[in-house]
Amino acid sequence: MADTNQKKKENTKEKKKTQRTENKKEAPKKSKRHNYKKELENLKQEFDQLKDQYLRSLAEFENYKKRRDRDLSQFLENANVNFIEQILPVLDDFERSLEMEQNKNSDSFYKGVEIIYHKFLDTLKKQGVAPIEARGKKFDPELHEAVMQMESKDHDSNTIIDEAQKGYKYKDKVIRYSKVIVSK
């Protein structure tokens, strides 16, 4: 019996040793699994950071395109304004020649100048240029520049009596203010 007890003790000792070695073998597996989980978390964080950077870059690029389009549009509009400002004196000369009495006596010359004037004005209108109405209107400092004030019994106070130089708008922007004579 002593032999059996001793064999049982030895078997138990061996089982315990085997269990310890098995536990030791399992321990590295757990740490490897733990490392994989940690690595996966790190990769997820890095992915989220890169995704955020990508989305920010994409939004920044969209803003850049909108800003570029707006700047280009504004540049073209300003270029048109400069061109129109240079043409307006020619239009003024046409108007003056039409107003001259001697040109009205020579009918064919007057009609020719009048046709050119109207074609020129129509071309400008197609491009978005329009004259500012002034005569008989209330004075508006956003559209008119008062060059003189006169007493008038025929007009209310602050009404435009006459126009010294026509004003023009390009779309909604005033290119040249109307130079006007205003009643007191």
# chains A, B, ... in the order shown; residues from 1 in each chain; ligands from 1

$ select_by_dssp --residues "region 31-146 of chain A" --states "strand (DSSP E)" --output "PyMOL selection string"
chain A and resi 129-131+144-146

$ select_by_dssp --residues "region 45-158 of chain A" --states "helix (DSSP H, G or I)" --output "JSON, numbers by chain"
{"A": [45, 46, 47, 48, 49, 50, 51, 52, 53, 54, 55, 56, 57, 58, 59, 60, 61, 62, 63, 64, 65, 66, 67, 68, 69, 70, 71, 72, 73, 74, 75, 76, 77, 78, 79, 80, 81, 82, 83, 84, 85, 86, 87, 88, 89, 90, 91, 92, 93, 94, 95, 96, 97, 98, 99, 101, 102, 103, 104, 105, 107, 108, 109, 110, 111, 112, 113, 114, 115, 116, 117, 118, 119, 120, 121, 122, 123, 124, 125, 126]}

$ residues_around --residues "region 156-166 of chain A" --least-positions-apart "2" --cutoff "12 Å" --atoms "only C-alpha atoms" --output "ChimeraX atom specification"
/A:88-89,91-93,95-96,130-141,143-154,168-169,174-184

$ atom_distance --atom1 "CA of Ser73 (chain A)" --atom2 "CA of Leu121 (chain A)"
24.1 Å

$ atom_distance --atom1 "CA of Lys171 (chain A)" --atom2 "CA of Leu76 (chain A)"
13.0 Å

$ atom_distance --atom1 "CA of Val90 (chain A)" --atom2 "CA of His118 (chain A)"
12.7 Å
